[in-house]
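**Q** Once you've had a glance at the structure underneath, I'll fire off some questions.
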Amino acid sequence: MRRTTALLLTALLLTGATVGCSQSGDETAKDCAAALTERTGGDSADKPTVSEAEERVDALDETLADMVRSGYQGVAKDAFDTVEKKTKEGGKDRPEACEPLLEDDYTALLTATAINGLGWTGQDGRFDKLKMVEGLGD
């Protein structure tokens with residue numbers, strides 16, 4: 001009985017720690033995004049979580065893939081090159097606020113803030129392909 005209780009208590013403590021880490025992970029991501037926004041431009045209120053950043057980057061990836069399939073390889077390449085340049089400018093050295101993040105999470109946040117810095121997001125923070133096309137035309 002004691003062993004079962006100890007195992008149950010351990011499981012509950014680990015579950016509580018996991019929930020606590022995910023909340024602090026979101027806060028770490030938002031702090032990192034704020035630091036990256038200073039470097040990449042864009043809206044200072046744009047502080048995506050890692051999952052929001054991944055959604056934004058995935059939407060860009062899907063749009064670029066659709067463009068290539070539709071015969072707009074040149075425009076897709078221009079968009080990719082523009083994001084890559086903005087990302088390199090913002091990510092020359094990793095801000096201290098981003099140190100606790102995994103490399104993939106940091107890369108997603110860096111790319112997402114670069115997309116916002118280019119003006120390619122809507123008010124809801126989601127990637128907007130029309131804004132991207134308009135931005136490339138400038």
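In the structure tokens, chains take letters A, B, ... by order of appearance, with residues numbered from 1 within each chain and ligands from 1 in the order shown.
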For Ala34 in chain A, work out the shell of residues within 12 Å, counting only C-alpha atoms and skipping chain neighbours fewer than 3 positions away, then give it as a PDB file with all heavy atoms, in the first residue's frame.
**A**
```pdb
ATOM      1  N   GLU A  27       5.923  31.372 -21.027  1.00  0.00           N
ATOM      2  CA  GLU A  27       6.463  32.668 -20.606  1.00  0.00           C
ATOM      3  C   GLU A  27       7.873  32.874 -21.162  1.00  0.00           C
ATOM      4  O   GLU A  27       8.215  33.963 -21.605  1.00  0.00           O
ATOM      5  CB  GLU A  27       6.456  32.797 -19.081  1.00  0.00           C
ATOM      6  CG  GLU A  27       5.071  32.984 -18.504  1.00  0.00           C
ATOM      7  CD  GLU A  27       4.329  34.173 -19.087  1.00  0.00           C
ATOM      8  OE1 GLU A  27       4.909  35.276 -19.189  1.00  0.00           O
ATOM      9  OE2 GLU A  27       3.158  34.000 -19.471  1.00  0.00           O
ATOM     10  N   THR A  28       8.681  31.826 -21.138  1.00  0.00           N
ATOM     11  CA  THR A  28      10.027  31.909 -21.701  1.00  0.00           C
ATOM     12  C   THR A  28       9.942  32.213 -23.191  1.00  0.00           C
ATOM     13  O   THR A  28      10.683  33.058 -23.701  1.00  0.00           O
ATOM     14  CB  THR A  28      10.795  30.587 -21.478  1.00  0.00           C
ATOM     15  OG1 THR A  28      10.904  30.351 -20.077  1.00  0.00           O
ATOM     16  CG2 THR A  28      12.182  30.633 -22.089  1.00  0.00           C
ATOM     17  N   ALA A  29       9.030  31.546 -23.889  1.00  0.00           N
ATOM     18  CA  ALA A  29       8.856  31.782 -25.324  1.00  0.00           C
ATOM     19  C   ALA A  29       8.435  33.223 -25.587  1.00  0.00           C
ATOM     20  O   ALA A  29       8.947  33.862 -26.514  1.00  0.00           O
ATOM     21  CB  ALA A  29       7.829  30.814 -25.904  1.00  0.00           C
ATOM     22  N   LYS A  30       7.535  33.742 -24.779  1.00  0.00           N
ATOM     23  CA  LYS A  30       7.079  35.123 -24.974  1.00  0.00           C
ATOM     24  C   LYS A  30       8.204  36.118 -24.690  1.00  0.00           C
ATOM     25  O   LYS A  30       8.352  37.110 -25.399  1.00  0.00           O
ATOM     26  CB  LYS A  30       5.853  35.401 -24.112  1.00  0.00           C
ATOM     27  CG  LYS A  30       4.625  34.683 -24.638  1.00  0.00           C
ATOM     28  CD  LYS A  30       3.397  34.960 -23.827  1.00  0.00           C
ATOM     29  CE  LYS A  30       2.242  34.190 -24.434  1.00  0.00           C
ATOM     30  NZ  LYS A  30       0.988  34.875 -24.343  1.00  0.00           N
ATOM     31  N   ASP A  31       9.007  35.847 -23.667  1.00  0.00           N
ATOM     32  CA  ASP A  31      10.155  36.709 -23.378  1.00  0.00           C
ATOM     33  C   ASP A  31      11.156  36.656 -24.525  1.00  0.00           C
ATOM     34  O   ASP A  31      11.709  37.687 -24.932  1.00  0.00           O
ATOM     35  CB  ASP A  31      10.836  36.294 -22.075  1.00  0.00           C
ATOM     36  CG  ASP A  31       9.990  36.588 -20.841  1.00  0.00           C
ATOM     37  OD1 ASP A  31       9.006  37.364 -20.951  1.00  0.00           O
ATOM     38  OD2 ASP A  31      10.302  36.033 -19.767  1.00  0.00           O
ATOM     39  N   THR A  37      11.747  40.313 -31.389  1.00  0.00           N
ATOM     40  CA  THR A  37      10.996  41.356 -32.079  1.00  0.00           C
ATOM     41  C   THR A  37      11.797  42.646 -32.119  1.00  0.00           C
ATOM     42  O   THR A  37      11.761  43.376 -33.107  1.00  0.00           O
ATOM     43  CB  THR A  37       9.619  41.576 -31.411  1.00  0.00           C
ATOM     44  OG1 THR A  37       8.872  40.369 -31.545  1.00  0.00           O
ATOM     45  CG2 THR A  37       8.841  42.692 -32.055  1.00  0.00           C
ATOM     46  N   GLU A  38      12.545  42.917 -31.065  1.00  0.00           N
ATOM     47  CA  GLU A  38      13.408  44.096 -31.055  1.00  0.00           C
ATOM     48  C   GLU A  38      14.432  44.025 -32.184  1.00  0.00           C
ATOM     49  O   GLU A  38      14.818  45.040 -32.748  1.00  0.00           O
ATOM     50  CB  GLU A  38      14.129  44.227 -29.713  1.00  0.00           C
ATOM     51  CG  GLU A  38      13.213  44.589 -28.564  1.00  0.00           C
ATOM     52  CD  GLU A  38      13.929  44.630 -27.233  1.00  0.00           C
ATOM     53  OE1 GLU A  38      15.180  44.695 -27.209  1.00  0.00           O
ATOM     54  OE2 GLU A  38      13.239  44.599 -26.199  1.00  0.00           O
ATOM     55  N   ARG A  39      14.843  42.834 -32.547  1.00  0.00           N
ATOM     56  CA  ARG A  39      15.861  42.646 -33.587  1.00  0.00           C
ATOM     57  C   ARG A  39      15.275  42.530 -34.991  1.00  0.00           C
ATOM     58  O   ARG A  39      15.930  42.866 -35.962  1.00  0.00           O
ATOM     59  CB  ARG A  39      16.660  41.373 -33.306  1.00  0.00           C
ATOM     60  CG  ARG A  39      17.439  41.447 -32.033  1.00  0.00           C
ATOM     61  CD  ARG A  39      18.035  40.108 -31.733  1.00  0.00           C
ATOM     62  NE  ARG A  39      18.848  40.179 -30.544  1.00  0.00           N
ATOM     63  CZ  ARG A  39      19.918  39.440 -30.344  1.00  0.00           C
ATOM     64  NH1 ARG A  39      20.288  38.568 -31.231  1.00  0.00           N
ATOM     65  NH2 ARG A  39      20.596  39.555 -29.238  1.00  0.00           N
ATOM     66  N   THR A  40      14.063  41.998 -35.083  1.00  0.00           N
ATOM     67  CA  THR A  40      13.484  41.734 -36.398  1.00  0.00           C
ATOM     68  C   THR A  40      12.439  42.771 -36.801  1.00  0.00           C
ATOM     69  O   THR A  40      11.916  42.715 -37.907  1.00  0.00           O
ATOM     70  CB  THR A  40      12.826  40.339 -36.434  1.00  0.00           C
ATOM     71  OG1 THR A  40      11.826  40.255 -35.420  1.00  0.00           O
ATOM     72  CG2 THR A  40      13.860  39.242 -36.251  1.00  0.00           C
ATOM     73  N   GLY A  41      12.128  43.704 -35.897  1.00  0.00           N
ATOM     74  CA  GLY A  41      11.113  44.706 -36.184  1.00  0.00           C
ATOM     75  C   GLY A  41       9.736  44.137 -35.929  1.00  0.00           C
ATOM     76  O   GLY A  41       9.576  43.075 -35.348  1.00  0.00           O
ATOM     77  N   GLY A  42       8.747  44.835 -36.369  1.00  0.00           N
ATOM     78  CA  GLY A  42       7.387  44.344 -36.192  1.00  0.00           C
ATOM     79  C   GLY A  42       6.746  44.880 -34.933  1.00  0.00           C
ATOM     80  O   GLY A  42       7.272  45.758 -34.247  1.00  0.00           O
ATOM     81  N   ASP A  43       5.613  44.333 -34.633  1.00  0.00           N
ATOM     82  CA  ASP A  43       4.788  44.758 -33.525  1.00  0.00           C
ATOM     83  C   ASP A  43       5.371  44.263 -32.208  1.00  0.00           C
ATOM     84  O   ASP A  43       5.543  43.061 -32.016  1.00  0.00           O
ATOM     85  CB  ASP A  43       3.374  44.206 -33.740  1.00  0.00           C
ATOM     86  CG  ASP A  43       2.384  44.628 -32.682  1.00  0.00           C
ATOM     87  OD1 ASP A  43       2.754  45.392 -31.760  1.00  0.00           O
ATOM     88  OD2 ASP A  43       1.228  44.190 -32.777  1.00  0.00           O
ATOM     89  N   SER A  44       5.635  45.178 -31.290  1.00  0.00           N
ATOM     90  CA  SER A  44       6.212  44.783 -30.001  1.00  0.00           C
ATOM     91  C   SER A  44       5.249  43.929 -29.173  1.00  0.00           C
ATOM     92  O   SER A  44       5.674  43.225 -28.270  1.00  0.00           O
ATOM     93  CB  SER A  44       6.638  46.014 -29.204  1.00  0.00           C
ATOM     94  OG  SER A  44       5.514  46.832 -28.915  1.00  0.00           O
ATOM     95  N   ALA A  45       3.975  43.982 -29.506  1.00  0.00           N
ATOM     96  CA  ALA A  45       2.996  43.150 -28.803  1.00  0.00           C
ATOM     97  C   ALA A  45       2.969  41.719 -29.345  1.00  0.00           C
ATOM     98  O   ALA A  45       2.317  40.856 -28.785  1.00  0.00           O
ATOM     99  CB  ALA A  45       1.597  43.758 -28.914  1.00  0.00           C
ATOM    100  N   ASP A  46       3.686  41.469 -30.429  1.00  0.00           N
ATOM    101  CA  ASP A  46       3.730  40.133 -31.032  1.00  0.00           C
ATOM    102  C   ASP A  46       4.673  39.247 -30.230  1.00  0.00           C
ATOM    103  O   ASP A  46       5.888  39.334 -30.374  1.00  0.00           O
ATOM    104  CB  ASP A  46       4.192  40.218 -32.489  1.00  0.00           C
ATOM    105  CG  ASP A  46       4.189  38.862 -33.166  1.00  0.00           C
ATOM    106  OD1 ASP A  46       3.159  38.171 -33.095  1.00  0.00           O
ATOM    107  OD2 ASP A  46       5.217  38.500 -33.762  1.00  0.00           O
ATOM    108  N   LYS A  47       4.088  38.436 -29.368  1.00  0.00           N
ATOM    109  CA  LYS A  47       4.859  37.539 -28.508  1.00  0.00           C
ATOM    110  C   LYS A  47       4.254  36.149 -28.585  1.00  0.00           C
ATOM    111  O   LYS A  47       3.601  35.687 -27.647  1.00  0.00           O
ATOM    112  CB  LYS A  47       4.864  38.050 -27.067  1.00  0.00           C
ATOM    113  CG  LYS A  47       5.497  39.415 -26.915  1.00  0.00           C
ATOM    114  CD  LYS A  47       5.376  39.902 -25.501  1.00  0.00           C
ATOM    115  CE  LYS A  47       5.833  41.341 -25.414  1.00  0.00           C
ATOM    116  NZ  LYS A  47       5.522  41.928 -24.132  1.00  0.00           N
ATOM    117  N   PRO A  48       4.479  35.452 -29.698  1.00  0.00           N
ATOM    118  CA  PRO A  48       3.863  34.128 -29.842  1.00  0.00           C
ATOM    119  C   PRO A  48       4.495  33.089 -28.925  1.00  0.00           C
ATOM    120  O   PRO A  48       5.659  33.187 -28.562  1.00  0.00           O
ATOM    121  CB  PRO A  48       4.138  33.784 -31.309  1.00  0.00           C
ATOM    122  CG  PRO A  48       5.374  34.547 -31.649  1.00  0.00           C
ATOM    123  CD  PRO A  48       5.294  35.815 -30.847  1.00  0.00           C
ATOM    124  N   THR A  49       3.682  32.102 -28.576  1.00  0.00           N
ATOM    125  CA  THR A  49       4.208  30.925 -27.899  1.00  0.00           C
ATOM    126  C   THR A  49       4.901  30.081 -28.963  1.00  0.00           C
ATOM    127  O   THR A  49       4.804  30.378 -30.163  1.00  0.00           O
ATOM    128  CB  THR A  49       3.070  30.109 -27.252  1.00  0.00           C
ATOM    129  OG1 THR A  49       2.199  29.647 -28.285  1.00  0.00           O
ATOM    130  CG2 THR A  49       2.294  30.930 -26.235  1.00  0.00           C
ATOM    131  N   GLY A  90      18.159  39.059 -37.521  1.00  0.00           N
ATOM    132  CA  GLY A  90      17.657  39.008 -36.149  1.00  0.00           C
ATOM    133  C   GLY A  90      18.322  37.976 -35.277  1.00  0.00           C
ATOM    134  O   GLY A  90      18.285  38.076 -34.056  1.00  0.00           O
ATOM    135  N   PRO A  95      19.607  35.835 -28.020  1.00  0.00           N
ATOM    136  CA  PRO A  95      19.376  36.660 -26.825  1.00  0.00           C
ATOM    137  C   PRO A  95      19.334  35.801 -25.562  1.00  0.00           C
ATOM    138  O   PRO A  95      18.936  34.638 -25.598  1.00  0.00           O
ATOM    139  CB  PRO A  95      17.995  37.280 -27.079  1.00  0.00           C
ATOM    140  CG  PRO A  95      17.763  37.161 -28.546  1.00  0.00           C
ATOM    141  CD  PRO A  95      18.520  35.938 -28.981  1.00  0.00           C
ATOM    142  N   GLU A  96      19.707  36.391 -24.463  1.00  0.00           N
ATOM    143  CA  GLU A  96      19.719  35.682 -23.187  1.00  0.00           C
ATOM    144  C   GLU A  96      18.350  35.114 -22.843  1.00  0.00           C
ATOM    145  O   GLU A  96      18.240  34.009 -22.312  1.00  0.00           O
ATOM    146  CB  GLU A  96      20.188  36.628 -22.080  1.00  0.00           C
ATOM    147  CG  GLU A  96      20.388  35.959 -20.741  1.00  0.00           C
ATOM    148  CD  GLU A  96      20.930  36.910 -19.696  1.00  0.00           C
ATOM    149  OE1 GLU A  96      21.761  37.777 -20.018  1.00  0.00           O
ATOM    150  OE2 GLU A  96      20.507  36.773 -18.529  1.00  0.00           O
ATOM    151  N   ALA A  97      17.286  35.849 -23.182  1.00  0.00           N
ATOM    152  CA  ALA A  97      15.928  35.385 -22.880  1.00  0.00           C
ATOM    153  C   ALA A  97      15.590  34.088 -23.616  1.00  0.00           C
ATOM    154  O   ALA A  97      14.677  33.366 -23.221  1.00  0.00           O
ATOM    155  CB  ALA A  97      14.912  36.461 -23.248  1.00  0.00           C
ATOM    156  N   CYS A  98      16.337  33.776 -24.668  1.00  0.00           N
ATOM    157  CA  CYS A  98      16.058  32.597 -25.491  1.00  0.00           C
ATOM    158  C   CYS A  98      16.919  31.393 -25.121  1.00  0.00           C
ATOM    159  O   CYS A  98      16.709  30.294 -25.638  1.00  0.00           O
ATOM    160  CB  CYS A  98      16.275  32.930 -26.962  1.00  0.00           C
ATOM    161  SG  CYS A  98      15.274  34.308 -27.564  1.00  0.00           S
ATOM    162  N   LEU A 109      10.526  30.539 -33.240  1.00  0.00           N
ATOM    163  CA  LEU A 109      10.246  31.887 -32.747  1.00  0.00           C
ATOM    164  C   LEU A 109      10.978  32.946 -33.560  1.00  0.00           C
ATOM    165  O   LEU A 109      10.407  33.993 -33.881  1.00  0.00           O
ATOM    166  CB  LEU A 109      10.617  32.005 -31.268  1.00  0.00           C
ATOM    167  CG  LEU A 109       9.651  31.340 -30.305  1.00  0.00           C
ATOM    168  CD1 LEU A 109      10.270  31.205 -28.926  1.00  0.00           C
ATOM    169  CD2 LEU A 109       8.350  32.121 -30.232  1.00  0.00           C
ATOM    170  N   LEU A 110      12.217  32.681 -33.906  1.00  0.00           N
ATOM    171  CA  LEU A 110      12.979  33.624 -34.713  1.00  0.00           C
ATOM    172  C   LEU A 110      12.322  33.827 -36.072  1.00  0.00           C
ATOM    173  O   LEU A 110      12.130  34.957 -36.531  1.00  0.00           O
ATOM    174  CB  LEU A 110      14.422  33.134 -34.878  1.00  0.00           C
ATOM    175  CG  LEU A 110      15.335  33.972 -35.766  1.00  0.00           C
ATOM    176  CD1 LEU A 110      15.444  35.402 -35.263  1.00  0.00           C
ATOM    177  CD2 LEU A 110      16.713  33.323 -35.853  1.00  0.00           C
ATOM    178  N   ALA A 112       9.163  33.195 -36.899  1.00  0.00           N
ATOM    179  CA  ALA A 112       7.842  33.804 -36.718  1.00  0.00           C
ATOM    180  C   ALA A 112       7.944  35.309 -36.481  1.00  0.00           C
ATOM    181  O   ALA A 112       7.149  36.079 -37.033  1.00  0.00           O
ATOM    182  CB  ALA A 112       7.107  33.136 -35.565  1.00  0.00           C
ATOM    183  N   THR A 113       8.920  35.739 -35.686  1.00  0.00           N
ATOM    184  CA  THR A 113       9.068  37.179 -35.450  1.00  0.00           C
ATOM    185  C   THR A 113       9.592  37.882 -36.695  1.00  0.00           C
ATOM    186  O   THR A 113       9.240  39.033 -36.946  1.00  0.00           O
ATOM    187  CB  THR A 113       9.963  37.485 -34.228  1.00  0.00           C
ATOM    188  OG1 THR A 113      11.252  36.916 -34.409  1.00  0.00           O
ATOM    189  CG2 THR A 113       9.329  36.979 -32.942  1.00  0.00           C
ATOM    190  N   ALA A 114      10.399  37.186 -37.492  1.00  0.00           N
ATOM    191  CA  ALA A 114      10.859  37.765 -38.763  1.00  0.00           C
ATOM    192  C   ALA A 114       9.678  37.953 -39.716  1.00  0.00           C
ATOM    193  O   ALA A 114       9.566  38.988 -40.388  1.00  0.00           O
ATOM    194  CB  ALA A 114      11.926  36.869 -39.393  1.00  0.00           C
ATOM    195  N   ASN A 116       6.603  38.465 -38.869  1.00  0.00           N
ATOM    196  CA  ASN A 116       5.867  39.614 -38.365  1.00  0.00           C
ATOM    197  C   ASN A 116       6.610  40.912 -38.688  1.00  0.00           C
ATOM    198  O   ASN A 116       5.993  41.908 -39.067  1.00  0.00           O
ATOM    199  CB  ASN A 116       5.631  39.486 -36.863  1.00  0.00           C
ATOM    200  CG  ASN A 116       4.862  40.668 -36.314  1.00  0.00           C
ATOM    201  OD1 ASN A 116       5.454  41.623 -35.824  1.00  0.00           O
ATOM    202  ND2 ASN A 116       3.549  40.608 -36.406  1.00  0.00           N
ATOM    203  N   GLY A 117       7.926  40.895 -38.543  1.00  0.00           N
ATOM    204  CA  GLY A 117       8.733  42.073 -38.840  1.00  0.00           C
ATOM    205  C   GLY A 117       8.643  42.502 -40.295  1.00  0.00           C
ATOM    206  O   GLY A 117       8.823  43.678 -40.616  1.00  0.00           O
TER     207      GLY A 117
END
```
**Q** Using only C-alpha atoms, which residues sit within 10 Å of range 73-83 of chain A once same-chain residues fewer than 4 positions away are excluded, as a VMD selection string?
**A** chain A and resid 60 to 61 63 to 69 87 to 89 111 to 118 132 to 133 135 to 137
**Q** Out of chain A, which residues get helix (DSSP H, G or I) from DSSP, as a PyMOL selection string?
**A** chain A and resi 2-40+50-69+73-90+96-98+103-117+129-137
**Q** How many Å lie between CA of Glu99 in chain A and CA of Gly25 in chain A, rounded to one decimal?
**A**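 Separating CA of Glu99 in chain A from CA of Gly25 in chain A is a distance of 11.7 Å.
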**Q** Mind pulling up the distance from CA of Gly91 in chain A to CA of Gly122 in chain A?
**A**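 About the pair CA of Gly122 in chain A and CA of Gly91 in chain A: they are 23.0 Å apart.
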**Q** Measuring atom to atom with only C-alpha atoms, identify which of A:Asp104, A:Glu52, A:Asp138, A:Glu84 is nearest to Arg126 in chain A.
**A**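 Checking each candidate against Arg126 in chain A, we get A:Glu52 as the closest.
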**Q** Would you mind reading off the distance between CA of Ala35 in chain A and CA of Ala59 in chain A, one decimal, in Å?
**A** 22.8 Å
**Q** Which of these residues is nearest to Cys32 in chain A, using only C-alpha atoms: A:Gly71, A:Pro100, A:Gly119, A:Gly125?
**A**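 Using only C-alpha atoms, the shortest distance to Cys32 in chain A belongs to A:Pro100.
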